[in-house]
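Below: the structure, in structure tokens.
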Amino acid sequence: MTTTSTPPGLARFNVLEEQAALAALHEACASTEWARRLLAGRPYATLADLHAASDAATAGLSAADLAEAMAGHPPIGRPAPGDPTSAREQRGMAGAAAELKAEMLELNLAYQERFGHVFLICATGRSGEQMRDAARERLGNPPEREREIVRTELGKINRIRLARLVEEDA
């Protein structure tokens, strides 16, 4: 029988003081409830365990918790100044043509007007055109369907950010 040890970055996360762990989790996802649920599940033996806890917490977020999580995300194509995480994730829009950026701004505004929150998509690895096309397509969704897509996209983002959190050097 083989045994596996907890990866060093995850081991560091497991023993972080509560407030430091909450702060680290809050950087991954702005939902306080999500962060509390992940904190309560420590220690995690593997990244898969942490991801499973994140998925369960994301699935259980109330509408208000989901709104809190979305409020932590800037519009696509407009990462907040000094926010390297969003800038890295939205890299596909960084070099986009001015026309595409202008169209994405219009789509962001139309989406926000229709659904009452930021257009949320796991932008990592997507081109500006792919994000634009997704925004166009999703504008036609009924609110209930869009809420579930947002929850799925948030889950993907959280997984990526948690992996970075526990893989970073001390």
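We label chains A, B, ... in the order they appear in the structure tokens, count residues from 1 in each chain, and number ligands from 1 in the order shown.
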
Would you please give, as a ChimeraX atom specification, all residues of stretch 17-161 of chain A that DSSP assigns to helix (DSSP H, G or I) based on the backbone? /A:18-28,32-40,47-59,63-71,84-89,91-94,98-115,128-138,143-161

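With only C-alpha atoms taken into account, the protein and nucleic acid residues at most 10 Å from A:Glu27 (excluding it and anything under 3 positions from it in its own chain) are Ala21, Leu22, Ala23, Ala24, Ala30, Ser31, Ala35, Gly72, Thr85, Asn158, Arg161, Leu162 and Leu165 of chain A.
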
Excluding same-chain residues fewer than 3 positions from A:Arg114, what lies within 9 Å of it counting only C-alpha atoms, as JSON, numbers by chain? {"A": [109, 110, 111, 117, 139, 143]}

If we count only C-alpha atoms and set the cut-off at 12 Å, which residues sit around A:Gly95, ignoring sequence neighbours fewer than 4 positions away in its own chain? Please answer as a ChimeraX atom specification. /A:77,87,90-91,99-101,127-129

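Closest approach to A:Glu89 from the set A:Cys122, A:Ala11, A:Ala63, A:Ala56 is made by A:Cys122, with distances taken over only C-alpha atoms.
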
Would you list the contacts of A:Leu10 as a PyMOL selection string, taking every protein, DNA or RNA residue within 8 Å and counting only C-alpha atoms, but skipping same-chain residues closer than 4 positions in sequence? chain A and resi 6+14+44-47+166-167

Would you export the selected residues with N, CA and C atoms as a PDB file, in the first residue's frame, please?
ATOM      1  N   THR A   6       0.728  15.091   1.999  1.00  0.00           N
ATOM      2  CA  THR A   6       0.088  16.326   1.573  1.00  0.00           C
ATOM      3  C   THR A   6       1.127  17.202   0.890  1.00  0.00           C
ATOM      4  N   ASN A  14      -3.137  24.433   5.151  1.00  0.00           N
ATOM      5  CA  ASN A  14      -3.855  23.741   6.230  1.00  0.00           C
ATOM      6  C   ASN A  14      -3.536  24.298   7.609  1.00  0.00           C
ATOM      7  N   TYR A  44      -6.923  19.520   4.457  1.00  0.00           N
ATOM      8  CA  TYR A  44      -7.155  18.790   3.222  1.00  0.00           C
ATOM      9  C   TYR A  44      -5.918  17.959   2.908  1.00  0.00           C
ATOM     10  N   ALA A  45      -6.120  16.709   2.542  1.00  0.00           N
ATOM     11  CA  ALA A  45      -4.996  15.817   2.237  1.00  0.00           C
ATOM     12  C   ALA A  45      -4.460  16.033   0.827  1.00  0.00           C
ATOM     13  N   THR A  46      -5.366  16.365  -0.095  1.00  0.00           N
ATOM     14  CA  THR A  46      -4.963  16.529  -1.497  1.00  0.00           C
ATOM     15  C   THR A  46      -5.652  17.738  -2.103  1.00  0.00           C
ATOM     16  N   LEU A  47      -5.114  18.174  -3.222  1.00  0.00           N
ATOM     17  CA  LEU A  47      -5.760  19.260  -3.962  1.00  0.00           C
ATOM     18  C   LEU A  47      -7.143  18.807  -4.422  1.00  0.00           C
ATOM     19  N   VAL A 166      -2.324  27.008  -3.447  1.00  0.00           N
ATOM     20  CA  VAL A 166      -1.577  25.966  -2.720  1.00  0.00           C
ATOM     21  C   VAL A 166      -0.320  25.525  -3.434  1.00  0.00           C
ATOM     22  N   GLU A 167      -0.098  25.999  -4.638  1.00  0.00           N
ATOM     23  CA  GLU A 167       1.135  25.682  -5.356  1.00  0.00           C
ATOM     24  C   GLU A 167       2.174  26.773  -5.207  1.00  0.00           C
TER      25      GLU A 167
END

Have a look at atom CA of A:Gly116 and atom CA of A:Glu33 and let me know their distance in Å, one decimal. 20.8 Å

Test item: residues at most 12 Å from A:Glu146, only C-alpha atoms, excluding those fewer than 3 positions along its chain, as a PDB file with all heavy atoms, in the first residue's frame:
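part08.pdb written:
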ATOM      1  N   TYR A 111     -25.222  42.782 -20.745  1.00  0.00           N
ATOM      2  CA  TYR A 111     -25.367  41.633 -19.854  1.00  0.00           C
ATOM      3  C   TYR A 111     -25.736  42.101 -18.447  1.00  0.00           C
ATOM      4  O   TYR A 111     -26.647  41.568 -17.816  1.00  0.00           O
ATOM      5  CB  TYR A 111     -24.067  40.822 -19.839  1.00  0.00           C
ATOM      6  CG  TYR A 111     -24.133  39.586 -18.982  1.00  0.00           C
ATOM      7  CD1 TYR A 111     -24.432  38.345 -19.545  1.00  0.00           C
ATOM      8  CD2 TYR A 111     -23.917  39.653 -17.611  1.00  0.00           C
ATOM      9  CE1 TYR A 111     -24.513  37.209 -18.760  1.00  0.00           C
ATOM     10  CE2 TYR A 111     -24.000  38.522 -16.821  1.00  0.00           C
ATOM     11  CZ  TYR A 111     -24.293  37.302 -17.400  1.00  0.00           C
ATOM     12  OH  TYR A 111     -24.378  36.180 -16.611  1.00  0.00           O
ATOM     13  N   GLN A 112     -25.008  43.089 -17.957  1.00  0.00           N
ATOM     14  CA  GLN A 112     -25.276  43.588 -16.609  1.00  0.00           C
ATOM     15  C   GLN A 112     -26.688  44.171 -16.504  1.00  0.00           C
ATOM     16  O   GLN A 112     -27.377  43.972 -15.505  1.00  0.00           O
ATOM     17  CB  GLN A 112     -24.235  44.622 -16.195  1.00  0.00           C
ATOM     18  CG  GLN A 112     -24.363  45.011 -14.745  1.00  0.00           C
ATOM     19  CD  GLN A 112     -23.055  45.410 -14.121  1.00  0.00           C
ATOM     20  OE1 GLN A 112     -22.026  45.465 -14.769  1.00  0.00           O
ATOM     21  NE2 GLN A 112     -23.082  45.682 -12.842  1.00  0.00           N
ATOM     22  N   ARG A 114     -29.261  43.223 -18.276  1.00  0.00           N
ATOM     23  CA  ARG A 114     -30.226  42.114 -18.369  1.00  0.00           C
ATOM     24  C   ARG A 114     -30.260  41.272 -17.101  1.00  0.00           C
ATOM     25  O   ARG A 114     -31.321  40.896 -16.633  1.00  0.00           O
ATOM     26  CB  ARG A 114     -29.882  41.234 -19.565  1.00  0.00           C
ATOM     27  CG  ARG A 114     -30.707  39.951 -19.646  1.00  0.00           C
ATOM     28  CD  ARG A 114     -30.836  39.420 -21.041  1.00  0.00           C
ATOM     29  NE  ARG A 114     -31.331  38.078 -21.143  1.00  0.00           N
ATOM     30  CZ  ARG A 114     -32.547  37.661 -20.830  1.00  0.00           C
ATOM     31  NH1 ARG A 114     -33.427  38.512 -20.351  1.00  0.00           N
ATOM     32  NH2 ARG A 114     -32.898  36.403 -20.984  1.00  0.00           N
ATOM     33  N   PHE A 115     -29.075  40.957 -16.540  1.00  0.00           N
ATOM     34  CA  PHE A 115     -29.020  40.005 -15.436  1.00  0.00           C
ATOM     35  C   PHE A 115     -28.711  40.635 -14.077  1.00  0.00           C
ATOM     36  O   PHE A 115     -28.828  39.974 -13.049  1.00  0.00           O
ATOM     37  CB  PHE A 115     -28.002  38.900 -15.733  1.00  0.00           C
ATOM     38  CG  PHE A 115     -28.375  38.057 -16.916  1.00  0.00           C
ATOM     39  CD1 PHE A 115     -27.680  38.154 -18.103  1.00  0.00           C
ATOM     40  CD2 PHE A 115     -29.441  37.168 -16.849  1.00  0.00           C
ATOM     41  CE1 PHE A 115     -28.027  37.373 -19.204  1.00  0.00           C
ATOM     42  CE2 PHE A 115     -29.797  36.390 -17.939  1.00  0.00           C
ATOM     43  CZ  PHE A 115     -29.088  36.498 -19.129  1.00  0.00           C
ATOM     44  N   GLY A 116     -28.271  41.891 -14.060  1.00  0.00           N
ATOM     45  CA  GLY A 116     -28.033  42.577 -12.797  1.00  0.00           C
ATOM     46  C   GLY A 116     -26.693  42.280 -12.153  1.00  0.00           C
ATOM     47  O   GLY A 116     -26.480  42.616 -10.991  1.00  0.00           O
ATOM     48  N   HIS A 117     -25.786  41.674 -12.896  1.00  0.00           N
ATOM     49  CA  HIS A 117     -24.444  41.384 -12.367  1.00  0.00           C
ATOM     50  C   HIS A 117     -23.454  41.264 -13.511  1.00  0.00           C
ATOM     51  O   HIS A 117     -23.844  41.189 -14.681  1.00  0.00           O
ATOM     52  CB  HIS A 117     -24.445  40.106 -11.515  1.00  0.00           C
ATOM     53  CG  HIS A 117     -24.953  38.894 -12.226  1.00  0.00           C
ATOM     54  ND1 HIS A 117     -24.190  38.170 -13.125  1.00  0.00           N
ATOM     55  CD2 HIS A 117     -26.157  38.292 -12.188  1.00  0.00           C
ATOM     56  CE1 HIS A 117     -24.901  37.157 -13.591  1.00  0.00           C
ATOM     57  NE2 HIS A 117     -26.114  37.212 -13.049  1.00  0.00           N
ATOM     58  N   VAL A 118     -22.197  41.242 -13.150  1.00  0.00           N
ATOM     59  CA  VAL A 118     -21.115  41.156 -14.116  1.00  0.00           C
ATOM     60  C   VAL A 118     -21.208  39.851 -14.928  1.00  0.00           C
ATOM     61  O   VAL A 118     -21.681  38.824 -14.424  1.00  0.00           O
ATOM     62  CB  VAL A 118     -19.752  41.265 -13.383  1.00  0.00           C
ATOM     63  CG1 VAL A 118     -19.470  40.028 -12.543  1.00  0.00           C
ATOM     64  CG2 VAL A 118     -18.610  41.499 -14.343  1.00  0.00           C
ATOM     65  N   PHE A 119     -20.791  39.903 -16.184  1.00  0.00           N
ATOM     66  CA  PHE A 119     -20.672  38.712 -17.019  1.00  0.00           C
ATOM     67  C   PHE A 119     -19.492  37.912 -16.479  1.00  0.00           C
ATOM     68  O   PHE A 119     -18.363  38.386 -16.487  1.00  0.00           O
ATOM     69  CB  PHE A 119     -20.439  39.105 -18.482  1.00  0.00           C
ATOM     70  CG  PHE A 119     -20.068  37.955 -19.371  1.00  0.00           C
ATOM     71  CD1 PHE A 119     -20.991  36.947 -19.645  1.00  0.00           C
ATOM     72  CD2 PHE A 119     -18.813  37.865 -19.947  1.00  0.00           C
ATOM     73  CE1 PHE A 119     -20.658  35.883 -20.469  1.00  0.00           C
ATOM     74  CE2 PHE A 119     -18.471  36.811 -20.766  1.00  0.00           C
ATOM     75  CZ  PHE A 119     -19.394  35.810 -21.029  1.00  0.00           C
ATOM     76  N   LEU A 120     -19.762  36.727 -15.975  1.00  0.00           N
ATOM     77  CA  LEU A 120     -18.726  35.903 -15.360  1.00  0.00           C
ATOM     78  C   LEU A 120     -18.448  34.703 -16.249  1.00  0.00           C
ATOM     79  O   LEU A 120     -19.360  33.960 -16.603  1.00  0.00           O
ATOM     80  CB  LEU A 120     -19.166  35.428 -13.970  1.00  0.00           C
ATOM     81  CG  LEU A 120     -18.084  34.734 -13.154  1.00  0.00           C
ATOM     82  CD1 LEU A 120     -17.026  35.734 -12.712  1.00  0.00           C
ATOM     83  CD2 LEU A 120     -18.694  34.058 -11.941  1.00  0.00           C
ATOM     84  N   ILE A 121     -17.173  34.557 -16.590  1.00  0.00           N
ATOM     85  CA  ILE A 121     -16.725  33.434 -17.397  1.00  0.00           C
ATOM     86  C   ILE A 121     -15.323  33.071 -16.941  1.00  0.00           C
ATOM     87  O   ILE A 121     -14.552  33.935 -16.543  1.00  0.00           O
ATOM     88  CB  ILE A 121     -16.742  33.790 -18.906  1.00  0.00           C
ATOM     89  CG1 ILE A 121     -16.448  32.555 -19.760  1.00  0.00           C
ATOM     90  CG2 ILE A 121     -15.797  34.923 -19.222  1.00  0.00           C
ATOM     91  CD1 ILE A 121     -16.724  32.766 -21.247  1.00  0.00           C
ATOM     92  N   ALA A 134     -19.101  33.995 -26.228  1.00  0.00           N
ATOM     93  CA  ALA A 134     -19.834  33.450 -25.076  1.00  0.00           C
ATOM     94  C   ALA A 134     -20.792  34.496 -24.513  1.00  0.00           C
ATOM     95  O   ALA A 134     -21.937  34.179 -24.162  1.00  0.00           O
ATOM     96  CB  ALA A 134     -18.860  32.981 -23.993  1.00  0.00           C
ATOM     97  N   ALA A 135     -20.348  35.739 -24.432  1.00  0.00           N
ATOM     98  CA  ALA A 135     -21.226  36.805 -23.930  1.00  0.00           C
ATOM     99  C   ALA A 135     -22.431  36.982 -24.854  1.00  0.00           C
ATOM    100  O   ALA A 135     -23.570  37.096 -24.381  1.00  0.00           O
ATOM    101  CB  ALA A 135     -20.451  38.113 -23.793  1.00  0.00           C
ATOM    102  N   GLU A 137     -23.802  34.768 -26.834  1.00  0.00           N
ATOM    103  CA  GLU A 137     -24.673  33.597 -26.691  1.00  0.00           C
ATOM    104  C   GLU A 137     -25.457  33.629 -25.386  1.00  0.00           C
ATOM    105  O   GLU A 137     -26.662  33.375 -25.353  1.00  0.00           O
ATOM    106  CB  GLU A 137     -23.828  32.325 -26.764  1.00  0.00           C
ATOM    107  CG  GLU A 137     -24.619  31.044 -26.614  1.00  0.00           C
ATOM    108  CD  GLU A 137     -23.734  29.823 -26.652  1.00  0.00           C
ATOM    109  OE1 GLU A 137     -22.762  29.791 -27.426  1.00  0.00           O
ATOM    110  OE2 GLU A 137     -24.018  28.890 -25.878  1.00  0.00           O
ATOM    111  N   ARG A 138     -24.774  33.958 -24.302  1.00  0.00           N
ATOM    112  CA  ARG A 138     -25.407  33.895 -22.987  1.00  0.00           C
ATOM    113  C   ARG A 138     -26.414  35.020 -22.752  1.00  0.00           C
ATOM    114  O   ARG A 138     -27.280  34.891 -21.888  1.00  0.00           O
ATOM    115  CB  ARG A 138     -24.330  33.860 -21.911  1.00  0.00           C
ATOM    116  CG  ARG A 138     -23.641  32.486 -21.885  1.00  0.00           C
ATOM    117  CD  ARG A 138     -22.457  32.392 -20.983  1.00  0.00           C
ATOM    118  NE  ARG A 138     -22.718  32.881 -19.636  1.00  0.00           N
ATOM    119  CZ  ARG A 138     -21.753  33.081 -18.747  1.00  0.00           C
ATOM    120  NH1 ARG A 138     -20.489  32.826 -19.030  1.00  0.00           N
ATOM    121  NH2 ARG A 138     -22.059  33.528 -17.547  1.00  0.00           N
ATOM    122  N   LEU A 139     -26.326  36.102 -23.492  1.00  0.00           N
ATOM    123  CA  LEU A 139     -27.308  37.182 -23.352  1.00  0.00           C
ATOM    124  C   LEU A 139     -28.723  36.690 -23.630  1.00  0.00           C
ATOM    125  O   LEU A 139     -29.689  37.237 -23.089  1.00  0.00           O
ATOM    126  CB  LEU A 139     -26.979  38.341 -24.301  1.00  0.00           C
ATOM    127  CG  LEU A 139     -26.123  39.439 -23.713  1.00  0.00           C
ATOM    128  CD1 LEU A 139     -25.621  40.370 -24.808  1.00  0.00           C
ATOM    129  CD2 LEU A 139     -26.864  40.199 -22.636  1.00  0.00           C
ATOM    130  N   GLY A 140     -28.867  35.638 -24.427  1.00  0.00           N
ATOM    131  CA  GLY A 140     -30.182  35.119 -24.751  1.00  0.00           C
ATOM    132  C   GLY A 140     -30.725  34.116 -23.745  1.00  0.00           C
ATOM    133  O   GLY A 140     -31.862  33.662 -23.871  1.00  0.00           O
ATOM    134  N   ASN A 141     -29.946  33.768 -22.753  1.00  0.00           N
ATOM    135  CA  ASN A 141     -30.388  32.780 -21.760  1.00  0.00           C
ATOM    136  C   ASN A 141     -31.464  33.338 -20.842  1.00  0.00           C
ATOM    137  O   ASN A 141     -31.435  34.518 -20.486  1.00  0.00           O
ATOM    138  CB  ASN A 141     -29.212  32.332 -20.881  1.00  0.00           C
ATOM    139  CG  ASN A 141     -28.270  31.399 -21.600  1.00  0.00           C
ATOM    140  OD1 ASN A 141     -28.639  30.742 -22.556  1.00  0.00           O
ATOM    141  ND2 ASN A 141     -27.034  31.350 -21.131  1.00  0.00           N
ATOM    142  N   PRO A 142     -32.375  32.461 -20.383  1.00  0.00           N
ATOM    143  CA  PRO A 142     -33.271  32.884 -19.310  1.00  0.00           C
ATOM    144  C   PRO A 142     -32.469  33.048 -18.018  1.00  0.00           C
ATOM    145  O   PRO A 142     -31.436  32.387 -17.843  1.00  0.00           O
ATOM    146  CB  PRO A 142     -34.288  31.738 -19.205  1.00  0.00           C
ATOM    147  CG  PRO A 142     -33.747  30.606 -19.997  1.00  0.00           C
ATOM    148  CD  PRO A 142     -32.641  31.122 -20.873  1.00  0.00           C
ATOM    149  N   PRO A 143     -32.904  33.919 -17.125  1.00  0.00           N
ATOM    150  CA  PRO A 143     -32.142  34.179 -15.897  1.00  0.00           C
ATOM    151  C   PRO A 143     -31.800  32.924 -15.092  1.00  0.00           C
ATOM    152  O   PRO A 143     -30.694  32.816 -14.567  1.00  0.00           O
ATOM    153  CB  PRO A 143     -33.038  35.127 -15.104  1.00  0.00           C
ATOM    154  CG  PRO A 143     -33.844  35.827 -16.145  1.00  0.00           C
ATOM    155  CD  PRO A 143     -34.072  34.805 -17.223  1.00  0.00           C
ATOM    156  N   ILE A 149     -25.161  28.708 -15.102  1.00  0.00           N
ATOM    157  CA  ILE A 149     -23.910  28.837 -15.860  1.00  0.00           C
ATOM    158  C   ILE A 149     -22.903  29.638 -15.052  1.00  0.00           C
ATOM    159  O   ILE A 149     -21.727  29.278 -14.960  1.00  0.00           O
ATOM    160  CB  ILE A 149     -24.165  29.485 -17.242  1.00  0.00           C
ATOM    161  CG1 ILE A 149     -24.955  28.521 -18.122  1.00  0.00           C
ATOM    162  CG2 ILE A 149     -22.846  29.870 -17.907  1.00  0.00           C
ATOM    163  CD1 ILE A 149     -25.428  29.128 -19.434  1.00  0.00           C
ATOM    164  N   VAL A 150     -23.357  30.719 -14.443  1.00  0.00           N
ATOM    165  CA  VAL A 150     -22.479  31.550 -13.610  1.00  0.00           C
ATOM    166  C   VAL A 150     -21.899  30.713 -12.472  1.00  0.00           C
ATOM    167  O   VAL A 150     -20.699  30.775 -12.178  1.00  0.00           O
ATOM    168  CB  VAL A 150     -23.239  32.785 -13.070  1.00  0.00           C
ATOM    169  CG1 VAL A 150     -22.501  33.440 -11.918  1.00  0.00           C
ATOM    170  CG2 VAL A 150     -23.478  33.782 -14.188  1.00  0.00           C
ATOM    171  N   ARG A 151     -22.719  29.908 -11.847  1.00  0.00           N
ATOM    172  CA  ARG A 151     -22.254  29.056 -10.742  1.00  0.00           C
ATOM    173  C   ARG A 151     -21.170  28.078 -11.247  1.00  0.00           C
ATOM    174  O   ARG A 151     -20.156  27.873 -10.590  1.00  0.00           O
ATOM    175  CB  ARG A 151     -23.431  28.305 -10.139  1.00  0.00           C
ATOM    176  CG  ARG A 151     -23.117  27.579  -8.844  1.00  0.00           C
ATOM    177  CD  ARG A 151     -24.336  26.856  -8.293  1.00  0.00           C
ATOM    178  NE  ARG A 151     -25.452  27.730  -7.992  1.00  0.00           N
ATOM    179  CZ  ARG A 151     -25.606  28.388  -6.848  1.00  0.00           C
ATOM    180  NH1 ARG A 151     -24.722  28.265  -5.875  1.00  0.00           N
ATOM    181  NH2 ARG A 151     -26.664  29.159  -6.651  1.00  0.00           N
ATOM    182  N   THR A 152     -21.380  27.510 -12.415  1.00  0.00           N
ATOM    183  CA  THR A 152     -20.397  26.594 -13.002  1.00  0.00           C
ATOM    184  C   THR A 152     -19.098  27.325 -13.325  1.00  0.00           C
ATOM    185  O   THR A 152     -18.001  26.821 -13.032  1.00  0.00           O
ATOM    186  CB  THR A 152     -20.978  25.936 -14.270  1.00  0.00           C
ATOM    187  OG1 THR A 152     -22.138  25.192 -13.905  1.00  0.00           O
ATOM    188  CG2 THR A 152     -19.963  25.020 -14.940  1.00  0.00           C
ATOM    189  N   GLU A 153     -19.217  28.498 -13.931  1.00  0.00           N
ATOM    190  CA  GLU A 153     -18.018  29.278 -14.275  1.00  0.00           C
ATOM    191  C   GLU A 153     -17.262  29.703 -13.015  1.00  0.00           C
ATOM    192  O   GLU A 153     -16.035  29.650 -12.968  1.00  0.00           O
ATOM    193  CB  GLU A 153     -18.394  30.503 -15.120  1.00  0.00           C
ATOM    194  CG  GLU A 153     -18.939  30.156 -16.491  1.00  0.00           C
ATOM    195  CD  GLU A 153     -17.946  29.410 -17.366  1.00  0.00           C
ATOM    196  OE1 GLU A 153     -16.796  29.851 -17.503  1.00  0.00           O
ATOM    197  OE2 GLU A 153     -18.342  28.360 -17.928  1.00  0.00           O
TER     198      GLU A 153
END

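Distance-wise, atom CA of A:Gln19 and atom CA of A:Arg78 end up 29.6 Å apart.
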
Interatomic distance between atom CA of A:Ser86 and atom CA of A:Thr124?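 Result for atom CA of A:Ser86 versus atom CA of A:Thr124: 9.3 Å, one decimal.
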